[in-house]
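The data block below is query_10.cif; it holds mmCIF, C-alpha atoms.
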data_start
#
loop_
_atom_site.label_atom_id
_atom_site.label_comp_id
_atom_site.auth_asym_id
_atom_site.auth_seq_id
_atom_site.Cartn_x
_atom_site.Cartn_y
_atom_site.Cartn_z
CA MET L 18 197.43 -15.48 -108.63
CA SER L 19 196.81 -16.73 -105.10
CA ARG L 20 198.18 -20.11 -104.06
CA PRO L 21 195.67 -22.64 -102.68
CA THR L 22 195.98 -22.92 -98.93
CA SER L 23 196.58 -26.30 -97.34
CA PHE L 24 194.08 -27.97 -95.02
CA ALA L 25 196.52 -27.55 -92.09
CA ALA L 26 196.96 -23.88 -92.83
CA ARG L 27 193.21 -23.29 -92.94
CA VAL L 28 192.75 -25.10 -89.64
CA ALA L 29 195.54 -23.08 -88.05
CA ARG L 30 193.93 -19.86 -89.20
CA ARG L 31 190.42 -20.88 -88.14
CA PRO L 32 190.73 -22.97 -84.95
CA GLU L 33 188.08 -25.65 -84.51
CA VAL L 34 185.56 -25.80 -81.70
CA VAL L 35 183.14 -28.49 -80.64
CA VAL L 36 179.48 -27.58 -80.92
CA SER L 37 177.20 -29.86 -78.87
CA ALA L 38 173.50 -30.42 -79.25
CA GLU L 39 171.46 -32.75 -77.03
CA ARG L 40 167.99 -34.25 -77.08
CA HIS L 41 166.10 -36.68 -74.86
CA VAL L 42 164.08 -39.40 -76.62
CA GLN L 43 161.38 -41.70 -75.24
CA ALA L 44 162.72 -44.78 -77.03
CA ALA L 45 165.35 -47.41 -76.31
CA PRO L 46 168.96 -46.78 -77.38
CA ALA L 47 168.93 -49.90 -79.59
CA SER L 48 165.85 -48.59 -81.44
CA VAL L 49 167.60 -45.27 -82.14
CA ALA L 50 170.78 -47.09 -83.18
CA LEU L 51 168.78 -49.13 -85.68
CA LEU L 52 167.39 -45.93 -87.20
CA LEU L 53 170.94 -44.62 -87.48
CA ALA L 54 171.83 -47.71 -89.54
CA CYS L 55 169.22 -46.64 -92.14
CA SER L 56 170.65 -44.84 -95.14
CA ASP L 57 167.82 -42.29 -95.17
CA VAL L 58 168.33 -41.03 -91.61
CA LEU L 59 170.72 -38.33 -92.75
CA ASP L 60 167.96 -36.90 -94.91
CA LEU L 61 166.77 -35.43 -91.60
CA TRP L 62 169.72 -33.06 -91.68
CA PRO L 63 168.39 -29.68 -92.85
CA GLY L 64 169.73 -28.97 -96.29
CA ALA L 65 170.57 -32.58 -97.08
CA GLY L 66 168.47 -32.24 -100.21
CA GLY L 67 170.44 -29.20 -101.37
CA GLN L 68 168.45 -26.42 -99.71
CA ASP L 69 169.79 -24.15 -96.92
CA GLY L 70 173.09 -23.60 -98.67
CA GLY L 71 173.62 -27.28 -99.30
CA SER L 72 175.10 -28.46 -96.02
CA ALA L 73 174.97 -32.21 -95.63
CA LEU L 74 175.88 -34.83 -93.10
CA LEU L 75 177.54 -37.87 -94.61
CA PRO L 76 177.83 -41.17 -92.72
CA VAL L 77 181.25 -42.64 -92.13
CA GLY L 78 180.06 -46.02 -90.87
CA PRO L 79 177.24 -47.83 -89.10
CA PRO L 80 176.71 -47.23 -85.37
CA ARG L 81 179.25 -48.92 -83.13
CA ARG L 82 178.12 -50.55 -79.93
CA LEU L 83 180.02 -49.42 -76.85
CA ARG L 84 179.54 -50.78 -73.34
CA THR L 85 176.18 -49.16 -72.66
CA SER L 86 175.74 -46.84 -75.61
CA TYR L 87 176.10 -46.55 -79.37
CA GLU L 88 178.21 -44.13 -81.34
CA THR L 89 178.23 -43.17 -84.97
CA GLU L 90 180.53 -40.86 -86.87
CA ALA L 91 179.76 -38.64 -89.81
CA ARG L 92 181.34 -35.91 -91.87
CA TRP L 93 179.46 -32.81 -92.74
CA THR L 94 180.16 -30.72 -95.72
CA GLY L 95 178.73 -27.72 -97.49
CA LEU L 96 178.06 -24.10 -96.55
CA GLY L 97 181.03 -23.25 -98.73
CA ALA L 98 183.44 -24.25 -96.02
CA MET L 99 185.89 -27.02 -95.38
CA PRO L 100 184.40 -30.35 -94.26
CA GLY L 101 184.27 -31.22 -90.59
CA SER L 102 183.50 -34.22 -88.45
CA ALA L 103 180.55 -35.10 -86.27
CA VAL L 104 179.98 -37.72 -83.60
CA LEU L 105 176.53 -38.80 -82.44
CA ARG L 106 176.35 -40.73 -79.21
CA VAL L 107 173.19 -42.61 -78.18
CA SER L 108 173.18 -43.33 -74.43
CA PRO L 109 170.56 -44.77 -72.11
CA GLN L 110 168.86 -42.23 -69.86
CA GLY L 111 166.26 -43.10 -67.27
CA ARG L 112 164.07 -46.20 -67.38
CA SER L 113 163.38 -46.41 -71.09
CA GLY L 114 164.74 -43.19 -72.47
CA THR L 115 167.75 -42.21 -74.50
CA LEU L 116 170.00 -39.19 -74.63
CA LEU L 117 171.22 -38.13 -78.06
CA ARG L 118 174.36 -36.01 -78.08
CA LEU L 119 175.65 -34.67 -81.37
CA GLN L 120 179.07 -33.04 -81.39
CA LEU L 121 180.22 -31.12 -84.43
CA CYS L 122 183.86 -30.25 -84.83
CA CYS L 123 184.09 -27.07 -86.85
CA THR L 124 185.18 -23.45 -86.80
CA ASP L 125 183.55 -21.09 -84.36
CA ASP L 126 181.56 -19.01 -86.85
CA LEU L 127 180.39 -22.08 -88.73
CA GLY L 128 179.41 -23.75 -85.46
CA ARG L 129 176.98 -20.94 -84.74
CA ARG L 130 175.39 -21.42 -88.16
CA LEU L 131 175.24 -25.21 -87.84
CA ARG L 132 173.79 -25.33 -84.34
CA PRO L 133 170.14 -24.82 -85.46
CA ALA L 134 170.59 -27.53 -88.09
CA ALA L 135 171.96 -29.91 -85.44
CA ASP L 136 168.95 -29.19 -83.19
CA ARG L 137 166.53 -29.82 -86.03
CA PHE L 138 168.30 -33.04 -86.97
CA LEU L 139 168.05 -34.36 -83.42
CA ALA L 140 164.40 -33.29 -83.15
CA GLY L 141 163.61 -35.14 -86.39
CA LEU L 142 165.45 -38.25 -85.25
CA ALA L 143 163.73 -38.15 -81.85
CA HIS L 144 160.32 -37.79 -83.50
CA ARG L 145 160.97 -40.75 -85.80
CA ALA L 146 162.16 -42.92 -82.92
CA GLU L 147 159.23 -42.00 -80.66
CA VAL L 148 156.58 -42.57 -83.32
CA ARG L 149 158.11 -45.97 -84.03
CA ALA L 150 158.31 -46.88 -80.33
CA LEU L 151 154.64 -46.03 -79.80
CA ALA L 152 153.65 -48.11 -82.82
CA GLY L 153 155.00 -51.20 -81.00
CA MET G 13 136.47 -74.03 -86.55
CA THR G 14 138.99 -73.71 -83.75
CA ALA G 15 142.71 -73.24 -84.35
CA PRO G 16 144.87 -76.33 -83.71
CA ALA G 17 146.53 -76.39 -80.29
CA GLU G 18 149.92 -77.03 -81.87
CA ALA G 19 151.44 -77.06 -85.31
CA PRO G 20 152.18 -80.58 -86.63
CA VAL G 21 155.88 -81.48 -86.40
CA GLN G 22 157.58 -84.74 -87.25
CA ARG G 23 159.70 -85.62 -84.25
CA ASN G 24 162.69 -87.38 -85.73
CA GLY G 25 163.09 -85.14 -88.78
CA TYR G 26 165.08 -87.90 -90.49
CA LEU G 27 165.26 -86.01 -93.78
CA TYR G 28 167.13 -83.17 -92.02
CA TRP G 29 170.08 -85.52 -91.42
CA VAL G 30 169.82 -87.10 -94.88
CA THR G 31 169.78 -83.66 -96.55
CA LYS G 32 172.69 -82.57 -94.42
CA LEU G 33 174.66 -85.68 -95.32
CA VAL G 34 174.00 -85.28 -99.03
CA LEU G 35 174.51 -81.51 -99.27
CA THR G 36 177.43 -80.94 -96.91
CA VAL G 37 180.23 -81.54 -99.42
CA PRO G 38 178.63 -79.72 -102.42
CA LEU G 39 177.64 -76.74 -100.28
CA LEU G 40 181.04 -76.53 -98.61
CA LEU G 41 182.62 -76.47 -102.07
CA VAL G 42 180.25 -73.88 -103.52
CA LEU G 43 179.76 -71.57 -100.53
CA ARG G 44 183.06 -72.12 -98.67
CA PRO G 45 181.57 -70.68 -95.47
CA LYS G 46 183.91 -69.02 -93.01
CA VAL G 47 182.48 -69.49 -89.52
CA GLU G 48 182.98 -67.03 -86.68
CA GLY G 49 181.77 -67.22 -83.08
CA LEU G 50 180.35 -70.75 -83.25
CA HIS G 51 181.21 -71.18 -79.56
CA HIS G 52 178.24 -68.90 -78.78
CA VAL G 53 175.85 -71.68 -79.82
CA PRO G 54 175.15 -73.78 -76.70
CA ALA G 55 176.23 -77.41 -77.06
CA SER G 56 173.03 -78.55 -75.40
CA GLY G 57 169.84 -77.20 -73.91
CA PRO G 58 167.17 -74.91 -75.33
CA ALA G 59 168.25 -71.98 -77.50
CA ILE G 60 166.97 -69.89 -80.37
CA LEU G 61 169.14 -69.03 -83.36
CA ALA G 62 167.94 -65.71 -84.83
CA SER G 63 169.41 -64.97 -88.23
CA ASN G 64 169.08 -62.47 -91.04
CA HIS G 65 167.41 -63.96 -94.11
CA THR G 66 168.73 -62.99 -97.52
CA SER G 67 168.64 -66.30 -99.35
CA PHE G 68 167.03 -69.72 -99.68
CA TYR G 69 170.45 -71.08 -98.66
CA ASP G 70 170.27 -69.61 -95.14
CA TRP G 71 168.44 -72.62 -93.79
CA LEU G 72 170.89 -74.95 -95.53
CA VAL G 73 174.10 -73.22 -94.50
CA LEU G 74 173.20 -72.89 -90.80
CA PRO G 75 172.83 -76.67 -90.30
CA LEU G 76 176.05 -77.03 -92.27
CA VAL G 77 178.04 -75.05 -89.73
CA VAL G 78 176.15 -76.04 -86.56
CA ARG G 79 177.24 -79.64 -86.90
CA ARG G 80 176.44 -81.24 -83.60
CA ARG G 81 172.85 -80.14 -83.14
CA ARG G 82 169.72 -80.32 -85.20
CA ILE G 83 168.15 -76.94 -85.87
CA ILE G 84 164.37 -76.97 -86.02
CA PHE G 85 163.31 -74.10 -88.24
CA LEU G 86 160.05 -72.23 -88.19
CA ALA G 87 158.91 -72.17 -91.83
CA LYS G 88 155.99 -70.49 -93.57
CA SER G 89 152.86 -72.62 -93.61
CA SER G 90 152.48 -72.43 -97.40
CA TYR G 91 155.36 -74.92 -97.63
CA PHE G 92 153.03 -77.42 -95.95
CA THR G 93 149.82 -76.73 -97.81
CA GLY G 94 150.75 -76.72 -101.50
CA ALA G 95 148.60 -78.56 -104.02
CA GLY G 96 149.62 -80.79 -106.89
CA LEU G 97 152.65 -83.05 -107.12
CA ARG G 98 155.12 -80.23 -106.45
CA GLY G 99 153.14 -79.07 -103.43
CA ARG G 100 152.92 -82.61 -102.05
CA LEU G 101 156.65 -83.18 -102.51
CA ARG G 102 157.44 -79.89 -100.82
CA ARG G 103 155.10 -80.70 -97.94
CA TYR G 104 156.72 -84.11 -97.52
CA PHE G 105 160.22 -82.59 -97.61
CA PHE G 106 159.60 -79.87 -95.04
CA THR G 107 157.58 -82.17 -92.78
CA ALA G 108 160.19 -84.94 -92.91
CA CYS G 109 162.89 -82.35 -92.13
CA GLY G 110 160.96 -81.69 -88.91
CA GLN G 111 160.22 -78.03 -89.57
CA VAL G 112 157.45 -76.14 -87.79
CA PRO G 113 154.80 -74.52 -90.02
CA VAL G 114 153.99 -70.91 -89.10
CA ASP G 115 150.79 -69.24 -90.24
CA ARG G 116 151.92 -65.68 -90.95
CA SER G 117 148.49 -64.22 -91.70
CA GLY G 118 148.67 -62.17 -88.50
CA GLY G 119 146.55 -61.81 -85.37
CA GLY G 120 146.41 -65.09 -83.45
CA ALA G 121 147.20 -67.19 -86.53
CA GLY G 122 150.73 -67.96 -85.38
CA GLU G 123 149.71 -69.05 -81.86
CA ALA G 124 149.86 -72.76 -82.71
CA ALA G 125 153.43 -72.37 -83.99
CA LEU G 126 154.33 -70.38 -80.87
CA ARG G 127 152.95 -73.13 -78.61
CA THR G 128 154.85 -75.76 -80.60
CA ALA G 129 158.03 -73.71 -80.42
CA LEU G 130 157.68 -73.37 -76.64
CA ARG G 131 157.20 -77.11 -76.27
CA LEU G 132 160.25 -77.81 -78.44
CA LEU G 133 162.33 -75.38 -76.37
CA ASP G 134 161.03 -76.99 -73.21
CA GLU G 135 162.34 -80.30 -74.57
CA GLY G 136 165.79 -78.72 -74.96
CA ASN G 137 165.81 -78.21 -78.74
CA LEU G 138 167.60 -75.60 -80.84
CA LEU G 139 165.16 -73.49 -82.86
CA GLY G 140 166.07 -71.51 -85.98
CA VAL G 141 164.10 -68.32 -86.56
CA PHE G 142 164.31 -65.52 -89.11
CA PRO G 143 162.98 -62.47 -87.26
CA GLU G 144 162.36 -60.53 -90.48
CA GLY G 145 159.63 -63.07 -91.26
CA THR G 146 160.70 -63.67 -94.84
CA ARG G 147 163.69 -63.37 -97.17
CA SER G 148 164.93 -59.86 -97.77
CA PRO G 149 163.88 -58.79 -101.26
CA ASP G 150 166.71 -56.28 -101.58
CA GLY G 151 169.57 -57.60 -99.45
CA ARG G 152 168.97 -55.05 -96.70
CA LEU G 153 168.07 -55.95 -93.13
CA HIS G 154 164.40 -55.28 -92.46
CA ARG G 155 162.39 -54.61 -89.32
CA GLY G 156 162.27 -57.57 -86.95
CA ARG G 157 159.00 -59.16 -85.86
CA THR G 158 158.47 -59.55 -82.15
CA GLY G 159 157.64 -63.28 -82.10
CA VAL G 160 161.20 -64.37 -81.35
CA VAL G 161 161.31 -62.19 -78.22
CA ARG G 162 157.90 -63.50 -77.12
CA MET G 163 159.29 -67.03 -77.43
CA ALA G 164 162.48 -66.14 -75.56
CA MET G 165 160.61 -64.41 -72.73
CA ALA G 166 158.08 -67.20 -72.35
CA SER G 167 160.68 -69.99 -72.41
CA GLY G 168 163.68 -68.29 -70.80
CA ALA G 169 165.81 -69.69 -73.65
CA PRO G 170 168.80 -67.64 -74.81
CA VAL G 171 168.68 -66.08 -78.28
CA VAL G 172 171.89 -66.39 -80.28
CA PRO G 173 172.04 -63.67 -82.94
CA CYS G 174 173.64 -64.82 -86.16
CA ALA G 175 174.20 -63.54 -89.66
CA THR G 176 174.99 -64.98 -93.03
CA ILE G 177 177.04 -62.76 -95.33
CA GLY G 178 177.36 -63.13 -99.08
CA LEU G 179 174.41 -65.46 -99.66
CA PHE G 180 172.31 -62.72 -101.25
CA ASP G 181 174.91 -62.56 -104.04
CA VAL G 182 174.93 -66.34 -104.36
CA ALA G 183 171.17 -66.80 -104.49
CA PRO G 184 168.91 -63.79 -103.91
CA THR G 185 165.17 -64.11 -103.37
CA GLY G 186 163.60 -66.09 -106.20
CA ARG G 187 166.76 -67.94 -107.18
CA ILE G 188 167.29 -71.58 -106.29
CA LEU G 189 170.52 -72.56 -108.07
CA PRO G 190 173.56 -70.78 -106.66
CA ARG G 191 175.79 -68.46 -108.66
CA LEU G 192 179.43 -69.34 -108.39
CA SER G 193 181.39 -66.64 -106.64
CA ARG G 194 185.04 -66.17 -105.76
CA ARG G 195 184.06 -64.60 -102.46
CA ARG G 196 183.66 -66.87 -99.48
CA THR G 197 180.43 -66.65 -97.57
CA VAL G 198 180.59 -65.88 -93.85
CA VAL G 199 178.44 -67.13 -90.99
CA ARG G 200 178.81 -65.17 -87.75
CA PHE G 201 177.34 -65.88 -84.34
CA GLY G 202 177.14 -63.32 -81.56
CA PRO G 203 176.88 -63.68 -77.78
CA PRO G 204 173.49 -64.94 -76.58
CA LEU G 205 170.83 -62.59 -75.29
CA THR G 206 168.29 -63.35 -72.60
CA TRP G 207 165.37 -61.29 -71.46
CA PRO G 208 163.54 -61.64 -68.17
CA ALA G 209 159.97 -62.88 -68.29
CA PRO G 210 157.35 -60.16 -67.79
CA ALA G 211 156.79 -59.23 -64.14
CA GLN G 212 153.27 -60.70 -64.03
CA ASP G 213 151.95 -63.68 -65.87
CA GLY G 214 150.37 -61.47 -68.49
CA ALA G 215 151.84 -60.80 -71.94
CA PRO G 216 154.67 -58.25 -72.10
CA GLU G 217 153.78 -54.80 -73.40
CA GLY G 218 154.17 -54.12 -77.10
CA THR G 219 156.75 -51.41 -76.45
CA VAL G 220 158.89 -53.82 -74.41
CA LEU G 221 158.71 -56.44 -77.16
CA ARG G 222 159.68 -53.81 -79.73
CA GLN G 223 162.66 -52.59 -77.65
CA CYS G 224 163.98 -56.13 -77.14
CA THR G 225 163.45 -56.98 -80.82
CA ASP G 226 165.36 -53.84 -81.78
CA GLU G 227 168.19 -54.87 -79.46
CA LEU G 228 168.36 -58.21 -81.27
CA MET G 229 168.16 -56.61 -84.72
CA THR G 230 170.95 -54.18 -83.80
CA LEU G 231 173.18 -57.15 -83.02
CA ILE G 232 172.22 -58.94 -86.24
CA GLN G 233 172.91 -55.73 -88.18
CA GLU G 234 176.30 -55.44 -86.53
CA LEU G 235 177.13 -59.06 -87.38
CA SER G 236 175.78 -58.93 -90.94
CA GLU G 237 177.04 -55.41 -91.75
CA GLN G 238 173.85 -54.95 -93.79
CA GLU G 239 172.19 -51.62 -94.31
CA TYR G 240 169.05 -51.47 -92.17
CA THR G 241 165.70 -50.31 -93.44
CA ASP G 242 162.81 -49.77 -91.08
CA THR G 243 160.28 -51.48 -93.33
CA ASP G 244 158.49 -54.80 -93.21
CA ALA G 245 160.16 -57.23 -95.65
CA ARG G 246 156.85 -59.04 -96.11
CA GLY G 247 155.17 -55.80 -97.13
CA LEU G 248 157.73 -55.37 -99.91
CA HIS G 249 157.11 -58.92 -101.13
CA VAL G 250 153.38 -58.21 -101.29
CA GLU G 251 153.97 -54.92 -103.14
CA GLY G 252 156.21 -56.74 -105.58
CA ARG G 253 153.44 -59.20 -106.40
CA THR G 254 150.73 -56.64 -107.00
#
Rendering of file as structure tokens:
Amino acid sequence: MSRPTSFAARVARRPEVVVSAERHVQAAPASVALLLACSDVLDLWPGAGGQDGGSALLPVGPPRRLRTSYETEARWTGLGAMPGSAVLRVSPQGRSGTLLRLQLCCTDDLGRRLRPAADRFLAGLAHRAEVRALAG
Amino acid sequence: MTAPAEAPVQRNGYLYWVTKLVLTVPLLLVLRPKVEGLHHVPASGPAILASNHTSFYDWLVLPLVVRRRRIIFLAKSSYFTGAGLRGRLRRYFFTACGQVPVDRSGGGAGEAALRTALRLLDEGNLLGVFPEGTRSPDGRLHRGRTGVVRMAMASGAPVVPCATIGLFDVAPTGRILPRLSRRRTVVRFGPPLTWPAPAQDGAPEGTVLRQCTDELMTLIQELSEQEYTDTDARGLHVEGRT
């Protein structure tokens, strides 16, 4: 019978990397931060509803305001692997634009699998923010 | 028929002070509000208090904690147009409290209230506004309406974001008498915001108004710790009625 491995042991065996995904949005940082305070925003994460192997991004808290930007933390889980952490930073870029930067802390092989999901999440968030900004 | 130039407002608002005098002790005992950041409210001069709106008690608890200044609230016009004895009493109460009726039917209907608000700010008053436009039907923070930013840009007055916490549990929408709770309510004020007037004399663009309103709502969300939902609170009220 095999003994269950500890979290520390699993991390030591599978060192974590940071996977970054970025997206420019034509909307103000505060508008994006407001969307991030909605409970349904994480439904934009592919597989949040149970498809795609069931990976999900779970919020840790509402967005925090920093000096010029906003930051929110989340944990992702699923894909049959150990949970990892994610940080999404919303920073001003240009006259009225925003840069979204999502960083996932996970193992290397999992990072490669999660990268497309991260891109799709940011694209969905950007679309929602831009549609809303145009609506006035 | 042309729209009135300004909404009717009773200048002294004597009933505001009478209500405050009568209700201060009972409300302090029932709500036990903990106040944070009151120093952000200017002691004099024009300013706009922009608060979340989860309960009937919001407009009672804010005057309770802002002791030195009278807050002139913008209130829905139906409070001033009711029929029958109840309607007449309500109209008398809100008028004698010096509140400003706002026609919320959309388009240019609220222009008279906006003009009145600008005059009151010009006279150095403190206005109380609920940017969501109505009480939250579900306790969440709803999308802000852009009127408060229009007022701030046109007048140059600072907007003090504020939030009441715990009042939805005490008296949610539709409830008048408060539930007794062991939890203290909290009233938080944040640092004032100001926005520059539009470059030309014309009205600011809709996208600019939306961005500034979102900036304000982000601060209110941070102060209130409410979940945000990007929906119109008034729309939910209408759906609930139909």
> Could you write out as a count of residues only the residues of chain G within 7 Å of chain L, counting all atoms listed in the file?
Replying inline: 10
> Written as a VMD selection string, which residues does the PyMOL selection byres ((chain G and resi 202) around 8) give for the file shown?
Replying inline: chain G and resid 49 52 172 to 174 200 to 201 203 to 204 231 235
> Can you list what the PyMOL selection byres ((chain G and resi 75) around 10) grabs from this structure, as a PyMOL selection string?
Replying inline: chain G and resi 28-29+31-32+36+70-74+76-84+140
>> Between G:Gly156, G:Gly110, G:Pro210, G:Pro149, which residue has the minimum interatomic distance to G:Arg187, considering only C-alpha atoms?
In response: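 Of the candidates, the smallest distance to G:Arg187 is held by G:Pro149.
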>> I need the residue nearest G:Gln111 from this list: G:Leu179, G:Leu86, G:Leu132, G:Leu228. Use only C-alpha atoms for the distance.
In response: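 Residue with the minimum atom-to-atom distance to G:Gln111: G:Leu86.
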>> For G:Pro143, find every residue with an atom within 7 Å (counting all atoms listed in the file), except residues of its own chain fewer than 4 positions away, and show them as a PyMOL selection string.
In response: chain G and resi 62-63+156-157+160
> Skipping near chain neighbours, those fewer than 4 positions away, what residues fall within 8 Å of L:Ser37 using all atoms listed in the file, listed as a PyMOL selection string?
Replying inline: chain L and resi 118-121+132
>> Just checking: using only C-alpha atoms, which residue out of G:Ile60, G:Val182, G:Ala108, G:Val141 ends up closest to G:Pro45?
In response: G:Val182
> Separation of atom CA of G:Ala209 and atom CA of L:Val148, in Å?
Replying inline: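 These two atoms are separated by 25.5 Å.
Distance-wise, atom CA of L:Leu105 and atom CA of L:Gly128 end up 15.6 Å apart.
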> Can you tell me how far atom CA of G:Arg131 sits from atom CA of G:Leu221, in Å to one decimal?
Replying inline: 20.7 Å
>> Starting from the PyMOL selection byres ((chain L and resi 40) around 6), expand the selection into actual residues of this file and give them as a PyMOL selection string.
In response: chain L and resi 39+41+116-117
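Residue nearest L:Val107, chosen from L:Val34, L:Cys123, L:Leu142, L:Ala135 and counting all atoms listed in the file: L:Leu142.
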